[in-house]
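Below is the file model-v8.cif, which contains mmCIF, C-alpha atoms.
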```
data_final
loop_
_atom_site.label_atom_id
_atom_site.label_comp_id
_atom_site.auth_asym_id
_atom_site.auth_seq_id
_atom_site.Cartn_x
_atom_site.Cartn_y
_atom_site.Cartn_z
CA MET A 1 3.03 1.43 10.89
CA ARG A 2 -0.72 1.25 11.19
CA THR A 3 -3.39 3.85 11.80
CA GLY A 4 -3.66 4.41 15.56
CA ASP A 5 -0.12 3.22 16.36
CA PRO A 6 1.85 5.38 18.79
CA ILE A 7 4.80 7.09 17.12
CA ALA A 8 7.96 6.46 19.12
CA HIS A 9 10.46 7.15 16.33
CA ILE A 10 10.91 9.42 13.34
CA PRO A 11 11.81 7.29 10.32
CA ILE A 12 14.24 8.59 7.73
CA VAL A 13 14.50 6.36 4.67
CA ARG A 14 18.11 5.47 3.88
CA LYS A 15 17.35 2.90 1.17
CA GLY A 16 14.19 1.71 -0.58
CA SER A 17 10.86 3.47 -0.22
CA LEU A 18 7.67 3.52 1.85
CA ARG A 19 4.11 4.01 0.61
CA ILE A 20 1.85 6.14 2.82
CA LEU A 21 -1.87 5.38 2.88
CA ALA A 22 -4.87 6.95 4.60
CA GLN A 23 -7.41 4.55 6.07
CA ASP A 24 -10.97 5.28 7.09
CA PRO A 25 -12.76 3.65 10.06
CA GLU A 26 -14.20 0.95 7.75
CA GLY A 27 -10.68 -0.04 6.66
CA ARG A 28 -10.83 1.48 3.16
CA GLU A 29 -7.47 2.77 2.01
CA ARG A 30 -6.25 5.60 -0.20
CA PHE A 31 -2.70 6.04 -1.49
CA LEU A 32 -1.23 9.42 -0.48
CA TYR A 33 2.49 9.56 -1.31
CA HIS A 34 5.87 7.80 -1.20
CA ILE A 35 8.80 8.42 1.12
CA MET A 36 12.07 8.06 -0.75
CA PRO A 37 15.72 7.90 0.44
CA GLY A 38 16.70 10.95 2.47
CA GLU A 39 13.05 11.72 3.27
CA SER A 40 10.82 11.26 6.29
CA CYS A 41 7.12 11.10 7.05
CA ALA A 42 5.49 14.43 7.88
CA MET A 43 2.87 12.61 9.94
CA SER A 44 5.58 11.02 12.08
CA LEU A 45 7.15 14.42 12.63
CA THR A 46 3.80 15.94 13.52
CA CYS A 47 2.75 13.06 15.79
CA CYS A 48 6.08 13.04 17.62
CA GLY A 49 5.85 16.77 18.22
CA SER A 50 2.27 16.59 19.51
CA LYS A 51 2.40 13.10 21.09
CA ARG A 52 -0.48 11.79 18.93
CA THR A 53 -0.99 8.40 17.36
CA SER A 54 -0.56 7.82 13.65
CA SER A 55 -3.41 8.75 11.33
CA VAL A 56 -1.81 6.99 8.33
CA MET A 57 -0.37 3.60 7.39
CA ALA A 58 3.18 3.10 6.14
CA VAL A 59 3.91 0.12 3.89
CA VAL A 60 7.35 -0.90 2.67
CA GLU A 61 7.32 -0.51 -1.12
CA GLU A 62 10.51 -2.50 -1.53
CA ASP A 63 13.28 -3.59 0.83
CA ALA A 64 13.93 -0.52 2.92
CA GLU A 65 16.55 0.58 5.40
CA LEU A 66 15.40 3.20 7.88
CA LEU A 67 17.18 5.44 10.34
CA MET A 68 14.89 5.56 13.39
CA ILE A 69 15.31 8.68 15.51
CA PRO A 70 13.71 8.48 18.97
CA ALA A 71 10.78 10.90 19.32
CA ARG A 72 12.34 12.54 22.36
CA TYR A 73 14.87 14.28 20.06
CA MET A 74 12.19 15.99 17.96
CA GLU A 75 11.93 19.15 20.08
CA GLU A 76 15.45 19.02 21.46
CA TRP A 77 16.99 19.13 17.96
CA MET A 78 14.87 22.10 16.82
CA VAL A 79 17.71 24.36 18.03
CA TYR A 80 19.78 23.05 15.10
CA PRO A 81 19.04 24.95 11.87
CA GLU A 82 19.70 21.85 9.73
CA TRP A 83 17.13 19.78 11.65
CA ARG A 84 14.58 22.60 11.68
CA ARG A 85 15.05 23.03 7.90
CA PHE A 86 14.69 19.24 7.36
CA VAL A 87 11.44 19.20 9.37
CA ASN A 88 10.04 22.28 7.59
CA ASP A 89 11.07 21.03 4.13
CA THR A 90 9.55 17.60 4.82
CA GLN A 91 6.25 19.08 5.94
CA ALA A 92 6.12 21.48 2.99
CA GLN A 93 6.88 18.68 0.51
CA ARG A 94 4.24 16.36 1.98
CA PHE A 95 1.66 19.15 2.09
CA GLY A 96 2.24 19.71 -1.64
CA GLU A 97 1.88 15.98 -2.32
CA LEU A 98 -1.36 15.85 -0.34
CA LEU A 99 -2.74 18.77 -2.34
CA GLU A 100 -1.79 16.93 -5.53
CA THR A 101 -3.57 13.80 -4.25
CA ILE A 102 -6.69 15.80 -3.44
CA GLU A 103 -6.63 17.34 -6.93
CA VAL A 104 -6.26 13.93 -8.59
CA VAL A 105 -9.07 12.37 -6.53
CA ALA A 106 -11.43 15.33 -6.86
CA PHE A 107 -10.89 16.35 -10.48
CA HIS A 108 -9.54 13.39 -12.45
CA LYS A 109 -11.30 10.35 -13.84
CA LEU A 110 -10.36 6.96 -12.40
CA ASP A 111 -8.21 6.00 -15.39
CA GLU A 112 -6.12 9.14 -14.81
CA GLN A 113 -5.92 8.38 -11.09
CA LEU A 114 -4.76 4.86 -11.91
CA TRP A 115 -2.11 6.15 -14.32
CA ASN A 116 -0.85 8.63 -11.70
CA TYR A 117 -0.71 5.85 -9.08
CA LEU A 118 1.20 3.47 -11.39
CA VAL A 119 3.70 6.15 -12.42
CA LYS A 120 4.39 6.95 -8.76
CA ARG A 121 4.86 3.25 -7.93
CA VAL A 122 7.33 2.87 -10.83
CA GLN A 123 9.23 5.96 -9.68
CA ALA A 124 9.35 4.64 -6.10
CA THR A 125 10.68 1.22 -7.08
CA GLY A 126 12.81 2.24 -10.03
CA ASN A 127 11.39 -0.81 -11.81
CA HIS A 128 9.02 -0.72 -14.80
CA ILE A 129 7.57 -4.09 -13.81
CA LEU A 130 5.27 -3.87 -10.80
CA LYS A 131 4.31 -6.95 -8.84
CA VAL A 132 0.87 -5.82 -7.80
CA THR A 133 -2.62 -7.24 -8.28
CA HIS A 134 -5.76 -5.49 -9.45
CA GLN A 135 -7.10 -6.06 -5.93
CA ASP A 136 -4.07 -4.36 -4.34
CA ILE A 137 -4.47 -1.35 -6.61
CA ALA A 138 -8.24 -1.23 -6.09
CA GLN A 139 -7.79 -1.27 -2.33
CA GLU A 140 -5.29 1.59 -2.39
CA LEU A 141 -7.40 3.67 -4.78
CA ASN A 142 -10.62 2.82 -2.92
CA SER A 143 -12.26 1.42 -6.04
CA PRO A 144 -13.86 -1.92 -6.95
CA ARG A 145 -11.36 -4.44 -8.36
CA GLU A 146 -13.50 -4.95 -11.45
CA VAL A 147 -13.27 -1.25 -12.29
CA ILE A 148 -9.47 -1.28 -11.97
CA ALA A 149 -9.24 -4.44 -14.08
CA GLY A 150 -11.49 -2.83 -16.70
CA CYS A 151 -9.28 0.28 -16.86
CA CYS A 152 -6.21 -1.91 -17.38
CA ILE A 153 -7.87 -4.05 -20.06
CA ASN A 154 -9.23 -1.03 -21.95
CA SER A 155 -5.90 0.79 -22.11
CA SER A 156 -3.42 -0.45 -24.68
CA THR A 157 -0.75 2.21 -24.02
CA TRP A 158 0.24 1.55 -20.40
CA VAL A 159 3.94 2.20 -20.65
CA ALA A 160 5.55 4.37 -17.98
#
```

Output the file's structure as structure tokens, nothing else.
Amino acid sequence: MRTGDPIAHIPIVRKGSLRILAQDPEGRERFLYHIMPGESCAMSLTCCGSKRTSSVMAVVEEDAELLMIPARYMEEWMVYPEWRRFVNDTQAQRFGELLETIEVVAFHKLDEQLWNYLVKRVQATGNHILKVTHQDIAQELNSPREVIAGCCINSSTWVA
């Protein structure tokens, strides 16, 4: 899913994980959060309910299997307490994750932001070996590649 795409379905991750990124008009990206099995994207829920286009990008972190619920069921299913609770819980969880992201970006140095990002990627994949380049990380943290590479070189204790 890309920024500006219409949202026709609500994805619920059955297997794997998705990485959610914000993107500004110049194409710069910022990692926001992961969607894990049993979870959905709050932006998809919001966009389906208000018939807006996506304001975030979703990237498959690893092989993923998704349950795609047509948007037309969003309002119709709100009469079911389980669905309403799922929607409310999803939005509350994502709101908390966005607040955490804002705190990290606003109040933490880049090396701490990088550590936080790497820990979340390891948690999302369940693998301690990440196949990611300095450029990929730099793009998702909206930082120059050389700065990310320097953080990695200068830290000898990068074990998650």

Give me the residues of region 39-132 of chain A that have any atom at most 12 Å from an atom of region 11-15 of chain A; for each, the nearest atom pair and the distance in Å, rounded to one decimal. Use all atoms listed in the file, sort by chain and number, and format it as CSV.
```
residue,atom,partner,partner_atom,distance
A:Glu39,CA,A:Ile12,CA,5.6
A:Ser40,CA,A:Ile12,CA,4.6
A:Cys41,CA,A:Pro11,CA,6.9
A:Ala42,CA,A:Pro11,CA,9.8
A:Met43,CA,A:Pro11,CA,10.4
A:Ser44,CA,A:Pro11,CA,7.5
A:Leu45,CA,A:Pro11,CA,8.8
A:Cys48,CA,A:Pro11,CA,10.9
A:Ala58,CA,A:Pro11,CA,10.5
A:Val60,CA,A:Val13,CA,10.4
A:Glu61,CA,A:Lys15,CA,10.8
A:Glu62,CA,A:Lys15,CA,9.1
A:Asp63,CA,A:Lys15,CA,7.7
A:Ala64,CA,A:Lys15,CA,5.1
A:Glu65,CA,A:Lys15,CA,4.9
A:Leu66,CA,A:Val13,CA,4.6
A:Leu67,CA,A:Ile12,CA,5.0
A:Met68,CA,A:Pro11,CA,4.7
A:Ile69,CA,A:Pro11,CA,6.4
A:Pro70,CA,A:Pro11,CA,8.9
A:Ala71,CA,A:Pro11,CA,9.8
A:Met74,CA,A:Pro11,CA,11.6
A:Phe86,CA,A:Ile12,CA,10.7
A:Val87,CA,A:Ile12,CA,11.1
A:Thr90,CA,A:Ile12,CA,10.6
A:Ala124,CA,A:Lys15,CA,10.9
A:Thr125,CA,A:Lys15,CA,10.7
```

Within 12 Å of region 130-138 of chain A using all atoms listed in the file, minus same-chain residues under 2 positions, as number ranges by chain: A: 21, 28-31, 61-62, 110-111, 113-128, 140-153, 159-160

Export, as an mmCIF file, keeping the file's coordinate frame, the selected residues with C-alpha atoms.
```
data_model
loop_
_atom_site.group_PDB
_atom_site.id
_atom_site.type_symbol
_atom_site.label_atom_id
_atom_site.label_comp_id
_atom_site.auth_asym_id
_atom_site.auth_seq_id
_atom_site.Cartn_x
_atom_site.Cartn_y
_atom_site.Cartn_z
ATOM 1 C CA LEU A 21 -1.870 5.380 2.880
ATOM 2 C CA ARG A 28 -10.830 1.480 3.160
ATOM 3 C CA GLU A 29 -7.470 2.770 2.010
ATOM 4 C CA ARG A 30 -6.250 5.600 -0.200
ATOM 5 C CA PHE A 31 -2.700 6.040 -1.490
ATOM 6 C CA GLU A 61 7.320 -0.510 -1.120
ATOM 7 C CA GLU A 62 10.510 -2.500 -1.530
ATOM 8 C CA LEU A 110 -10.360 6.960 -12.400
ATOM 9 C CA ASP A 111 -8.210 6.000 -15.390
ATOM 10 C CA GLN A 113 -5.920 8.380 -11.090
ATOM 11 C CA LEU A 114 -4.760 4.860 -11.910
ATOM 12 C CA TRP A 115 -2.110 6.150 -14.320
ATOM 13 C CA ASN A 116 -0.850 8.630 -11.700
ATOM 14 C CA TYR A 117 -0.710 5.850 -9.080
ATOM 15 C CA LEU A 118 1.200 3.470 -11.390
ATOM 16 C CA VAL A 119 3.700 6.150 -12.420
ATOM 17 C CA LYS A 120 4.390 6.950 -8.760
ATOM 18 C CA ARG A 121 4.860 3.250 -7.930
ATOM 19 C CA VAL A 122 7.330 2.870 -10.830
ATOM 20 C CA GLN A 123 9.230 5.960 -9.680
ATOM 21 C CA ALA A 124 9.350 4.640 -6.100
ATOM 22 C CA THR A 125 10.680 1.220 -7.080
ATOM 23 C CA GLY A 126 12.810 2.240 -10.030
ATOM 24 C CA ASN A 127 11.390 -0.810 -11.810
ATOM 25 C CA HIS A 128 9.020 -0.720 -14.800
ATOM 26 C CA GLU A 140 -5.290 1.590 -2.390
ATOM 27 C CA LEU A 141 -7.400 3.670 -4.780
ATOM 28 C CA ASN A 142 -10.620 2.820 -2.920
ATOM 29 C CA SER A 143 -12.260 1.420 -6.040
ATOM 30 C CA PRO A 144 -13.860 -1.920 -6.950
ATOM 31 C CA ARG A 145 -11.360 -4.440 -8.360
ATOM 32 C CA GLU A 146 -13.500 -4.950 -11.450
ATOM 33 C CA VAL A 147 -13.270 -1.250 -12.290
ATOM 34 C CA ILE A 148 -9.470 -1.280 -11.970
ATOM 35 C CA ALA A 149 -9.240 -4.440 -14.080
ATOM 36 C CA GLY A 150 -11.490 -2.830 -16.700
ATOM 37 C CA CYS A 151 -9.280 0.280 -16.860
ATOM 38 C CA CYS A 152 -6.210 -1.910 -17.380
ATOM 39 C CA ILE A 153 -7.870 -4.050 -20.060
ATOM 40 C CA VAL A 159 3.940 2.200 -20.650
ATOM 41 C CA ALA A 160 5.550 4.370 -17.980
#
```

Residues near region 51-55 of chain A, anyone? I mean within 9 Å using all atoms listed in the file, not counting same-chain ones fewer than 5 positions away, as a short mmCIF file (atom, residue, chain, number, x, y, z; two decimals) with C-alpha atoms, in the frame of the given file.
```cif
data_model
loop_
_atom_site.label_atom_id
_atom_site.label_comp_id
_atom_site.auth_asym_id
_atom_site.auth_seq_id
_atom_site.Cartn_x
_atom_site.Cartn_y
_atom_site.Cartn_z
CA MET A 1 3.03 1.43 10.89
CA ARG A 2 -0.72 1.25 11.19
CA THR A 3 -3.39 3.85 11.80
CA GLY A 4 -3.66 4.41 15.56
CA ASP A 5 -0.12 3.22 16.36
CA PRO A 6 1.85 5.38 18.79
CA ILE A 7 4.80 7.09 17.12
CA ALA A 8 7.96 6.46 19.12
CA ALA A 22 -4.87 6.95 4.60
CA GLN A 23 -7.41 4.55 6.07
CA MET A 43 2.87 12.61 9.94
CA SER A 44 5.58 11.02 12.08
CA THR A 46 3.80 15.94 13.52
CA ALA A 71 10.78 10.90 19.32
#
```

Counting all atoms listed in the file, the option among A:Val104, A:Ser50, A:Asn88, A:Gly16 closest to Met36 (chain A): A:Gly16

Distance criterion (all atoms listed in the file): nearest to Thr101 (chain A) out of A:Met57, A:Gly27, A:His34, A:Ser17: A:His34

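Here CA of Ala92 (chain A) is placed at a distance of 13.5 Å from CA of Ile35 (chain A).
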
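The two atoms in question, CA of Asp24 (chain A) and CA of Val56 (chain A), are spaced 9.4 Å apart.
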
Nearest candidate to Cys47 (chain A) (options A:Glu75, A:Glu112, A:Glu26, A:Glu100; using all atoms listed in the file): A:Glu75

Need the axis-aligned box for region 59-65 of chain A with 8 Å each side, so what are the centre and edges in Å to one decimal, as AutoDock Vina command-line options?
```
--center_x 10.2 --center_y -1.5 --center_z 1.9 --size_x 28.6 --size_y 20.2 --size_z 22.9
```

Point-to-point distance in Å for CA of Arg72 (chain A) and CA of Arg19 (chain A):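 Computed distance, CA of Arg19 (chain A) to CA of Arg72 (chain A), equals 24.8 Å.
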